[in-house]
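File shown here: entry05.cif, holding mmCIF, C-alpha atoms.
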```cif
data_final
loop_
_atom_site.group_PDB
_atom_site.id
_atom_site.type_symbol
_atom_site.label_atom_id
_atom_site.label_comp_id
_atom_site.auth_asym_id
_atom_site.auth_seq_id
_atom_site.Cartn_x
_atom_site.Cartn_y
_atom_site.Cartn_z
ATOM 1 C CA MET A 5 -138.856 -53.369 -178.857
ATOM 2 C CA PRO A 6 -138.385 -56.973 -177.749
ATOM 3 C CA GLU A 7 -137.159 -57.653 -174.220
ATOM 4 C CA SER A 8 -133.398 -57.643 -173.962
ATOM 5 C CA PHE A 9 -131.660 -60.305 -171.907
ATOM 6 C CA ASP A 10 -128.211 -59.226 -172.952
ATOM 7 C CA ARG A 11 -127.396 -56.835 -170.200
ATOM 8 C CA GLY A 12 -128.171 -58.981 -167.145
ATOM 9 C CA ALA A 13 -125.667 -60.583 -164.817
ATOM 10 C CA LEU A 14 -124.035 -63.880 -165.640
ATOM 11 C CA THR A 15 -124.297 -66.553 -162.965
ATOM 12 C CA GLU A 16 -121.181 -67.200 -160.926
ATOM 13 C CA ALA A 17 -120.860 -70.661 -162.415
ATOM 14 C CA VAL A 18 -120.941 -69.305 -165.980
ATOM 15 C CA PHE A 19 -118.496 -66.515 -165.139
ATOM 16 C CA TYR A 20 -115.949 -68.955 -163.744
ATOM 17 C CA ILE A 21 -116.456 -71.420 -166.593
ATOM 18 C CA LEU A 22 -115.736 -68.654 -169.129
ATOM 19 C CA LEU A 23 -112.743 -67.537 -167.082
ATOM 20 C CA SER A 24 -111.389 -71.093 -167.016
ATOM 21 C CA LEU A 25 -111.919 -71.649 -170.736
ATOM 22 C CA HIS A 26 -109.527 -68.953 -171.863
ATOM 23 C CA LYS A 27 -107.370 -72.093 -172.072
ATOM 24 C CA PRO A 28 -108.649 -75.424 -173.487
ATOM 25 C CA MET A 29 -109.981 -77.536 -170.650
ATOM 26 C CA HIS A 30 -112.222 -80.535 -170.079
ATOM 27 C CA GLY A 31 -115.100 -80.793 -167.615
ATOM 28 C CA TYR A 32 -113.326 -82.223 -164.587
ATOM 29 C CA ALA A 33 -110.430 -79.766 -164.924
ATOM 30 C CA ILE A 34 -112.927 -76.862 -165.090
ATOM 31 C CA MET A 35 -114.545 -78.074 -161.845
ATOM 32 C CA GLN A 36 -111.193 -78.385 -160.112
ATOM 33 C CA ASN A 37 -109.961 -75.019 -161.412
ATOM 34 C CA ILE A 38 -113.043 -73.196 -160.134
ATOM 35 C CA GLU A 39 -112.806 -74.900 -156.756
ATOM 36 C CA ARG A 40 -109.161 -73.870 -156.488
ATOM 37 C CA LEU A 41 -109.771 -70.256 -157.569
ATOM 38 C CA THR A 42 -112.596 -69.808 -155.045
ATOM 39 C CA ASN A 43 -110.917 -71.753 -152.234
ATOM 40 C CA GLY A 44 -113.648 -74.374 -152.290
ATOM 41 C CA ARG A 45 -116.502 -71.847 -152.090
ATOM 42 C CA VAL A 46 -117.837 -72.672 -155.553
ATOM 43 C CA ALA A 47 -118.022 -76.446 -155.980
ATOM 44 C CA LEU A 48 -119.872 -77.067 -159.244
ATOM 45 C CA GLY A 49 -122.174 -80.048 -159.402
ATOM 46 C CA ALA A 50 -121.688 -82.381 -162.368
ATOM 47 C CA GLY A 51 -125.251 -81.875 -163.565
ATOM 48 C CA THR A 52 -124.982 -78.105 -163.158
ATOM 49 C CA LEU A 53 -121.744 -78.069 -165.179
ATOM 50 C CA TYR A 54 -123.333 -80.190 -167.905
ATOM 51 C CA GLY A 55 -126.301 -77.829 -168.244
ATOM 52 C CA ALA A 56 -124.092 -74.734 -168.255
ATOM 53 C CA ILE A 57 -121.673 -76.142 -170.844
ATOM 54 C CA ASN A 58 -124.519 -77.196 -173.131
ATOM 55 C CA ALA A 59 -126.134 -73.764 -172.876
ATOM 56 C CA LEU A 60 -122.792 -72.053 -173.585
ATOM 57 C CA VAL A 61 -122.103 -74.277 -176.606
ATOM 58 C CA LEU A 62 -125.617 -73.564 -177.933
ATOM 59 C CA LYS A 63 -125.096 -69.825 -177.605
ATOM 60 C CA GLU A 64 -121.633 -70.255 -179.198
ATOM 61 C CA TRP A 65 -119.879 -68.645 -176.271
ATOM 62 C CA ILE A 66 -117.654 -71.732 -176.040
ATOM 63 C CA THR A 67 -116.852 -74.493 -178.495
ATOM 64 C CA THR A 68 -115.339 -77.976 -178.433
ATOM 65 C CA VAL A 69 -111.707 -78.479 -179.364
ATOM 66 C CA ALA A 70 -110.553 -81.406 -181.468
ATOM 67 C CA GLU A 71 -108.546 -83.389 -178.883
ATOM 68 C CA SER A 72 -105.317 -84.973 -179.973
ATOM 69 C CA GLY A 73 -104.050 -87.265 -177.217
ATOM 70 C CA ASN A 74 -106.641 -88.170 -174.592
ATOM 71 C CA SER A 75 -109.676 -89.067 -176.685
ATOM 72 C CA ARG A 76 -111.783 -89.882 -173.618
ATOM 73 C CA LYS A 77 -112.225 -86.305 -172.498
ATOM 74 C CA LYS A 78 -113.721 -83.500 -174.582
ATOM 75 C CA ASP A 79 -111.947 -80.124 -174.307
ATOM 76 C CA TYR A 80 -113.744 -76.797 -174.558
ATOM 77 C CA ILE A 81 -112.463 -73.282 -175.338
ATOM 78 C CA ILE A 82 -114.013 -69.805 -175.227
ATOM 79 C CA THR A 83 -115.064 -68.216 -178.544
ATOM 80 C CA GLU A 84 -114.787 -64.573 -179.620
ATOM 81 C CA THR A 85 -118.456 -64.076 -178.713
ATOM 82 C CA GLY A 86 -117.783 -65.629 -175.335
ATOM 83 C CA LYS A 87 -114.832 -63.316 -174.791
ATOM 84 C CA ALA A 88 -117.014 -60.305 -175.591
ATOM 85 C CA MET A 89 -119.684 -61.472 -173.127
ATOM 86 C CA TYR A 90 -116.993 -62.050 -170.514
ATOM 87 C CA GLN A 91 -115.591 -58.557 -170.993
ATOM 88 C CA ALA A 92 -119.085 -57.061 -170.738
ATOM 89 C CA GLU A 93 -119.520 -58.914 -167.439
ATOM 90 C CA LEU A 94 -116.192 -57.551 -166.151
ATOM 91 C CA GLU A 95 -117.428 -54.055 -167.023
ATOM 92 C CA ARG A 96 -120.637 -54.684 -165.083
ATOM 93 C CA LEU A 97 -118.629 -55.878 -162.064
ATOM 94 C CA ARG A 98 -116.351 -52.828 -162.245
ATOM 95 C CA GLU A 99 -119.446 -50.624 -162.380
ATOM 96 C CA LEU A 100 -120.773 -52.322 -159.234
ATOM 97 C CA LEU A 101 -117.556 -51.683 -157.333
ATOM 98 C CA GLN A 102 -117.302 -48.113 -158.639
ATOM 99 C CA ASN A 103 -120.842 -47.319 -157.550
ATOM 100 C CA ASP A 104 -120.112 -48.694 -154.097
ATOM 101 C CA GLU A 105 -117.042 -46.487 -153.802
ATOM 102 C CA ASN A 106 -118.969 -43.429 -155.030
ATOM 103 C CA ALA A 107 -121.744 -44.059 -152.548
ATOM 104 C CA ARG A 108 -119.269 -44.385 -149.683
ATOM 105 C CA ARG A 109 -117.553 -41.144 -150.623
ATOM 106 C CA ALA A 110 -120.906 -39.371 -150.857
ATOM 107 C CA ASN A 111 -121.897 -40.662 -147.409
ATOM 108 C CA LYS A 112 -118.747 -39.418 -145.669
ATOM 109 C CA MET B 6 -116.453 -111.120 -153.133
ATOM 110 C CA LYS B 7 -120.067 -109.998 -153.075
ATOM 111 C CA GLN B 8 -122.864 -109.492 -150.606
ATOM 112 C CA ILE B 9 -126.617 -109.227 -151.201
ATOM 113 C CA ILE B 10 -128.949 -107.315 -148.904
ATOM 114 C CA TYR B 11 -132.698 -106.956 -149.292
ATOM 115 C CA LYS B 12 -134.232 -103.562 -148.546
ATOM 116 C CA PHE B 13 -137.360 -101.742 -149.675
ATOM 117 C CA PHE B 14 -137.217 -98.010 -150.414
ATOM 118 C CA MET B 15 -139.795 -95.593 -151.776
ATOM 119 C CA ASP B 16 -137.699 -92.545 -150.927
ATOM 120 C CA HIS B 17 -134.623 -92.268 -153.153
ATOM 121 C CA GLU B 18 -132.981 -89.771 -150.775
ATOM 122 C CA LYS B 19 -133.105 -92.337 -147.961
ATOM 123 C CA GLU B 20 -131.913 -94.991 -150.391
ATOM 124 C CA GLU B 21 -128.959 -92.826 -151.432
ATOM 125 C CA ALA B 22 -128.083 -92.114 -147.774
ATOM 126 C CA TRP B 23 -128.161 -95.847 -146.988
ATOM 127 C CA ILE B 24 -125.991 -96.768 -149.994
ATOM 128 C CA ASN B 25 -123.448 -94.120 -148.907
ATOM 129 C CA GLU B 26 -123.505 -95.446 -145.339
ATOM 130 C CA MET B 27 -122.737 -98.928 -146.675
ATOM 131 C CA SER B 28 -119.941 -97.504 -148.828
ATOM 132 C CA ALA B 29 -118.431 -95.793 -145.776
ATOM 133 C CA GLU B 30 -118.258 -99.251 -144.179
ATOM 134 C CA GLY B 31 -116.524 -100.804 -147.178
ATOM 135 C CA LEU B 32 -119.501 -102.225 -149.040
ATOM 136 C CA ALA B 33 -119.750 -100.608 -152.476
ATOM 137 C CA PHE B 34 -123.098 -100.866 -154.259
ATOM 138 C CA ILE B 35 -122.920 -102.449 -157.720
ATOM 139 C CA GLY B 36 -126.498 -103.255 -158.662
ATOM 140 C CA MET B 37 -130.105 -103.695 -157.569
ATOM 141 C CA PHE B 38 -133.023 -105.801 -158.741
ATOM 142 C CA CYS B 39 -136.435 -105.894 -157.063
ATOM 143 C CA GLY B 40 -135.065 -104.682 -153.752
ATOM 144 C CA PHE B 41 -132.046 -107.019 -153.713
ATOM 145 C CA TYR B 42 -128.954 -104.815 -153.443
ATOM 146 C CA ARG B 43 -125.603 -106.259 -154.524
ATOM 147 C CA PHE B 44 -122.383 -104.997 -152.961
ATOM 148 C CA GLU B 45 -118.689 -105.622 -153.501
ATOM 149 C CA TYR B 46 -116.047 -105.321 -150.795
ATOM 150 C CA THR B 47 -113.862 -102.212 -151.078
ATOM 151 C CA LEU B 48 -111.879 -99.924 -148.817
ATOM 152 C CA PRO B 49 -114.168 -97.977 -146.448
ATOM 153 C CA GLY B 50 -115.362 -94.750 -148.020
ATOM 154 C CA GLU B 51 -113.834 -95.489 -151.409
ATOM 155 C CA TYR B 52 -116.915 -94.362 -153.348
ATOM 156 C CA VAL B 53 -119.584 -91.654 -153.110
ATOM 157 C CA TYR B 54 -122.968 -92.409 -154.648
ATOM 158 C CA ARG B 55 -125.693 -90.212 -156.067
ATOM 159 C CA ILE B 56 -129.050 -91.361 -157.409
ATOM 160 C CA GLU B 57 -130.559 -89.302 -160.218
ATOM 161 C CA LEU B 58 -133.875 -89.308 -162.042
ATOM 162 C CA LEU B 59 -133.045 -88.639 -165.681
ATOM 163 C CA GLU B 60 -135.400 -86.778 -168.011
ATOM 164 C CA ASN B 61 -135.407 -89.767 -170.334
ATOM 165 C CA ILE B 62 -134.478 -93.435 -170.088
ATOM 166 C CA PRO B 63 -130.721 -94.114 -170.226
ATOM 167 C CA LYS B 64 -130.928 -95.412 -173.815
ATOM 168 C CA HIS B 65 -132.278 -92.066 -175.099
ATOM 169 C CA PHE B 66 -129.628 -90.053 -176.981
ATOM 170 C CA GLU B 67 -129.926 -87.073 -174.569
ATOM 171 C CA SER B 68 -129.338 -89.389 -171.629
ATOM 172 C CA ARG B 69 -126.419 -91.019 -173.388
ATOM 173 C CA LYS B 70 -124.804 -87.603 -173.964
ATOM 174 C CA TYR B 71 -125.249 -86.829 -170.267
ATOM 175 C CA ILE B 72 -123.848 -90.192 -169.177
ATOM 176 C CA THR B 73 -120.854 -89.749 -171.509
ATOM 177 C CA PHE B 74 -120.202 -86.377 -169.887
ATOM 178 C CA MET B 75 -120.376 -87.981 -166.444
ATOM 179 C CA LEU B 76 -117.882 -90.666 -167.508
ATOM 180 C CA GLU B 77 -115.514 -87.940 -168.751
ATOM 181 C CA ASN B 78 -115.722 -86.524 -165.227
ATOM 182 C CA ASN B 79 -114.786 -89.861 -163.617
ATOM 183 C CA ILE B 80 -118.398 -90.497 -162.633
ATOM 184 C CA GLU B 81 -119.532 -94.055 -163.305
ATOM 185 C CA PRO B 82 -123.148 -95.058 -163.923
ATOM 186 C CA ILE B 83 -123.046 -98.288 -161.926
ATOM 187 C CA SER B 84 -126.700 -99.338 -162.219
ATOM 188 C CA SER B 85 -130.056 -98.139 -163.455
ATOM 189 C CA TYR B 86 -133.737 -99.031 -163.663
ATOM 190 C CA ASN B 87 -136.341 -97.059 -165.554
ATOM 191 C CA ARG B 88 -135.171 -93.417 -165.508
ATOM 192 C CA TRP B 89 -133.257 -93.809 -162.258
ATOM 193 C CA VAL B 90 -129.473 -94.009 -162.502
ATOM 194 C CA TYR B 91 -127.046 -94.821 -159.704
ATOM 195 C CA PHE B 92 -123.848 -92.823 -160.187
ATOM 196 C CA ARG B 93 -120.668 -93.277 -158.217
ATOM 197 C CA ARG B 94 -117.275 -91.648 -158.082
ATOM 198 C CA LYS B 95 -114.135 -92.422 -156.147
ATOM 199 C CA THR B 96 -113.799 -90.063 -153.198
ATOM 200 C CA GLU B 97 -110.207 -89.305 -154.229
ATOM 201 C CA TYR B 98 -111.652 -87.129 -157.020
ATOM 202 C CA GLY B 99 -113.251 -84.859 -154.463
ATOM 203 C CA ASN B 100 -116.729 -83.889 -153.441
ATOM 204 C CA PHE B 101 -119.486 -85.162 -155.722
ATOM 205 C CA ASP B 102 -122.800 -83.344 -156.055
ATOM 206 C CA LEU B 103 -125.210 -83.390 -158.945
ATOM 207 C CA TYR B 104 -126.625 -79.890 -158.803
ATOM 208 C CA SER B 105 -125.022 -76.967 -157.017
ATOM 209 C CA ASP B 106 -126.724 -73.733 -158.042
ATOM 210 C CA ILE B 107 -130.274 -72.522 -157.551
ATOM 211 C CA ASP B 108 -131.465 -72.781 -161.161
ATOM 212 C CA SER B 109 -130.261 -76.313 -161.792
ATOM 213 C CA ARG B 110 -131.413 -77.553 -158.393
ATOM 214 C CA LEU B 111 -134.836 -75.993 -158.925
ATOM 215 C CA ALA B 112 -135.129 -77.640 -162.348
ATOM 216 C CA TYR B 113 -134.150 -81.022 -160.891
ATOM 217 C CA TYR B 114 -136.541 -80.823 -157.921
ATOM 218 C CA ARG B 115 -139.339 -79.862 -160.312
ATOM 219 C CA ARG B 116 -138.518 -82.878 -162.469
ATOM 220 C CA LEU B 117 -138.668 -85.138 -159.400
ATOM 221 C CA TYR B 118 -141.922 -83.605 -158.201
ATOM 222 C CA LYS B 119 -143.551 -83.866 -161.651
ATOM 223 C CA THR B 120 -142.795 -87.597 -161.631
ATOM 224 C CA LEU B 121 -143.374 -88.579 -158.001
ATOM 225 C CA ASN B 122 -146.407 -86.470 -157.117
ATOM 226 C CA PRO B 123 -148.732 -88.016 -159.745
ATOM 227 C CA VAL B 124 -147.566 -91.497 -158.688
ATOM 228 C CA MET B 125 -148.498 -90.727 -155.088
ATOM 229 C CA ILE B 126 -151.893 -89.327 -156.108
ATOM 230 C CA VAL B 127 -152.645 -92.374 -158.241
ATOM 231 C CA GLU B 128 -151.722 -94.679 -155.368
ATOM 232 C CA PHE B 129 -154.165 -92.884 -153.060
ATOM 233 C CA LEU B 130 -156.878 -92.837 -155.729
ATOM 234 C CA VAL B 131 -156.459 -96.530 -156.508
ATOM 235 C CA SER B 132 -156.806 -97.419 -152.832
ATOM 236 C CA ILE B 133 -160.253 -95.788 -152.641
ATOM 237 C CA PRO B 134 -162.314 -98.540 -154.385
ATOM 238 C CA TRP B 135 -160.599 -101.227 -152.282
ATOM 239 C CA ILE B 136 -161.316 -99.278 -149.105
ATOM 240 C CA ALA B 137 -164.913 -98.735 -150.220
ATOM 241 C CA THR B 138 -165.509 -102.422 -150.883
ATOM 242 C CA PHE B 139 -163.860 -103.314 -147.589
ATOM 243 C CA PHE B 140 -166.225 -101.019 -145.689
ATOM 244 C CA ALA B 141 -169.161 -102.345 -147.707
ATOM 245 C CA HIS B 142 -168.171 -105.806 -146.461
ATOM 246 C CA LEU B 143 -167.970 -104.569 -142.865
ATOM 247 C CA LEU B 144 -171.234 -102.673 -142.902
ATOM 248 C CA ALA B 145 -173.444 -104.662 -145.219
ATOM 249 C CA GLU B 146 -172.802 -107.673 -147.414
ATOM 250 C CA PRO B 147 -170.194 -110.113 -146.144
ATOM 251 C CA SER B 148 -167.827 -110.652 -149.023
ATOM 252 C CA GLU B 149 -165.633 -113.639 -149.541
ATOM 253 C CA PHE B 150 -162.936 -111.362 -150.939
ATOM 254 C CA TRP B 151 -162.779 -109.027 -147.964
ATOM 255 C CA GLU B 152 -159.257 -110.114 -146.962
ATOM 256 C CA ARG B 153 -157.967 -109.416 -150.454
ATOM 257 C CA ASN B 154 -159.720 -106.007 -150.542
ATOM 258 C CA PHE B 155 -158.341 -105.119 -147.135
ATOM 259 C CA PHE B 156 -154.838 -106.147 -148.142
ATOM 260 C CA LEU B 157 -154.943 -104.219 -151.428
ATOM 261 C CA SER B 158 -156.345 -101.082 -149.829
ATOM 262 C CA CYS B 159 -153.619 -101.197 -147.173
ATOM 263 C CA LEU B 160 -150.987 -101.787 -149.838
ATOM 264 C CA PHE B 161 -151.905 -98.804 -151.983
ATOM 265 C CA LEU B 162 -152.517 -96.540 -149.004
ATOM 266 C CA GLY B 163 -149.144 -97.603 -147.654
ATOM 267 C CA LEU B 164 -147.389 -96.842 -150.938
ATOM 268 C CA GLY B 165 -149.120 -93.466 -151.092
ATOM 269 C CA PHE B 166 -148.118 -92.597 -147.542
ATOM 270 C CA ALA B 167 -144.571 -93.757 -148.204
ATOM 271 C CA LEU B 168 -144.226 -91.123 -150.919
ATOM 272 C CA LEU B 169 -146.033 -88.374 -148.997
ATOM 273 C CA PRO B 170 -143.070 -87.083 -146.911
ATOM 274 C CA LEU B 171 -140.844 -86.989 -149.988
ATOM 275 C CA CYS B 172 -143.390 -85.041 -152.056
ATOM 276 C CA ARG B 173 -143.945 -82.650 -149.148
ATOM 277 C CA SER B 174 -140.220 -82.060 -148.737
ATOM 278 C CA LEU B 175 -139.817 -81.496 -152.489
ATOM 279 C CA ARG B 176 -142.611 -78.897 -152.443
ATOM 280 C CA LYS B 177 -140.905 -77.135 -149.540
ATOM 281 C CA LYS B 178 -137.512 -77.160 -151.265
ATOM 282 C CA ILE B 179 -139.020 -75.818 -154.491
ATOM 283 C CA LYS B 180 -140.768 -73.021 -152.608
ATOM 284 C CA PHE B 181 -137.560 -72.172 -150.753
ATOM 285 C CA LEU B 182 -135.464 -72.061 -153.912
ATOM 286 C CA LYS B 183 -138.039 -69.894 -155.706
ATOM 287 C CA GLN B 184 -137.764 -67.381 -152.868
ATOM 288 C CA GLU B 185 -133.957 -67.570 -152.898
ATOM 289 C CA LYS B 186 -134.032 -66.820 -156.619
ATOM 290 C CA LEU B 187 -135.495 -63.418 -155.847
ATOM 291 C CA LEU B 188 -132.321 -62.610 -153.925
ATOM 292 C CA ARG B 189 -129.479 -64.525 -155.485
ATOM 293 C CA GLU B 190 -128.426 -66.378 -158.586
#
```
Mind converting the file's structure to structure tokens?
Amino acid sequence: MPESFDRGALTEAVFYILLSLHKPMHGYAIMQNIERLTNGRVALGAGTLYGAINALVLKEWITTVAESGNSRKKDYIITETGKAMYQAELERLRELLQNDENARRANK
Amino acid sequence: MKQIIYKFFMDHEKEEAWINEMSAEGLAFIGMFCGFYRFEYTLPGEYVYRIELLENIPKHFESRKYITFMLENNIEPISSYNRWVYFRRKTEYGNFDLYSDIDSRLAYYRRLYKTLNPVMIVEFLVSIPWIATFFAHLLAEPSEFWERNFFLSCLFLGLGFALLPLCRSLRKKIKFLKQEKLLRE
């Protein structure tokens, strides 16, 4: 069977980008949103964001939105595939927390 | 109003630090040619600058896509030569970094190292024949070109040594990030 990459962790940057793109947003707004949500802890670099967005568009986890008003900035939005990946990641995070709680209870 | 300052840099990190120091004093960099840096007068600290080595020259379609993305993020490519681009952004838009996570920083440092390390090696290699002929002049045949040979050997050695600390620091950073990757994303 070929190696599976599907069940690994998403990077923090990708997780927060997917979270942000449940609404249409352009690059700078994504950066600001993530900084706000993490209280400045995650400050995405412009080059990092560019690479992540390109990779996500290639994998069809996000897609561009036809902008109406401001033609200077390209908006992105999460796709159904992206939503599924995001949900799988939430499950993985819940599993992490659950295992921690189980381990603590077992150690009491 | 403009000001021109001449400065020679081999190390782009030092160059970037200097340009940002000037910007903090109200001199915003707008262009460079052969070591002559042009500045315009602005409010102190109005702009932050970053220098980046692109994978391709700015005219390449991949570079143009990247530069368009930067413009959409209020980042202006103010000047360029070869594959080097000088980006700037107004400080009111917040902190400006190019690469913030391990993977993208590692990829960028590798790109820098792949470009700068061979240049440094070539500079050292090229200096060898000039050094050899200079010593031949000293030890055996007096040569009428010995001053030129001496000058050229010093020049290439100097250029090589100027890049050495940067290449060393890049190697260290790459090694550090590779180790960090074992622990975090």
Query - Residues matched by the PyMOL selection byres ((chain B) within 9 of (chain A)) as a list in words - result: Tyr71, Phe74, Met75, Leu76, Glu77, Asn78, Asn79, Ile80, Gly99, Asn100, Phe101, Asp102, Leu103, Tyr104, Ser105, Asp106, Asp108, Ser109, Arg110 and Glu190 of chain B
Report task. Find the spatial neighbours of B:Ser132, counting all atoms listed in the file, within a cut-off of 8 Å - ignore same-chain residues fewer than 6 positions away - and output them as a VMD selection string. Result -> chain B and resid 157 to 162
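Across the model, the gap from atom CA of A:Leu60 to atom CA of B:Ala112 is 17.6 Å.
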Query - Minimum-distance residue to B:Glu18, chosen among B:Phe38, B:Tyr91, B:Tyr86, B:Tyr46 (using only C-alpha atoms) - result: B:Tyr91
**Report entry** Contacts of B:Leu117 at 9 Å (all atoms listed in the file; same-chain gap of 4+ positions) as an MDAnalysis selection string
**Finding:** chainID B and resid 58 112:113 121:122 172 175
Given 5 Å of margin on each side, can you work out the centre and size in Å (one decimal) of an axis-aligned box holding every listed atom of stretch 170-182 of chain B, as JSON?
```
{"center_x": -139.7, "center_y": -79.6, "center_z": -150.7, "size_x": 18.5, "size_y": 25.0, "size_z": 17.6}
```
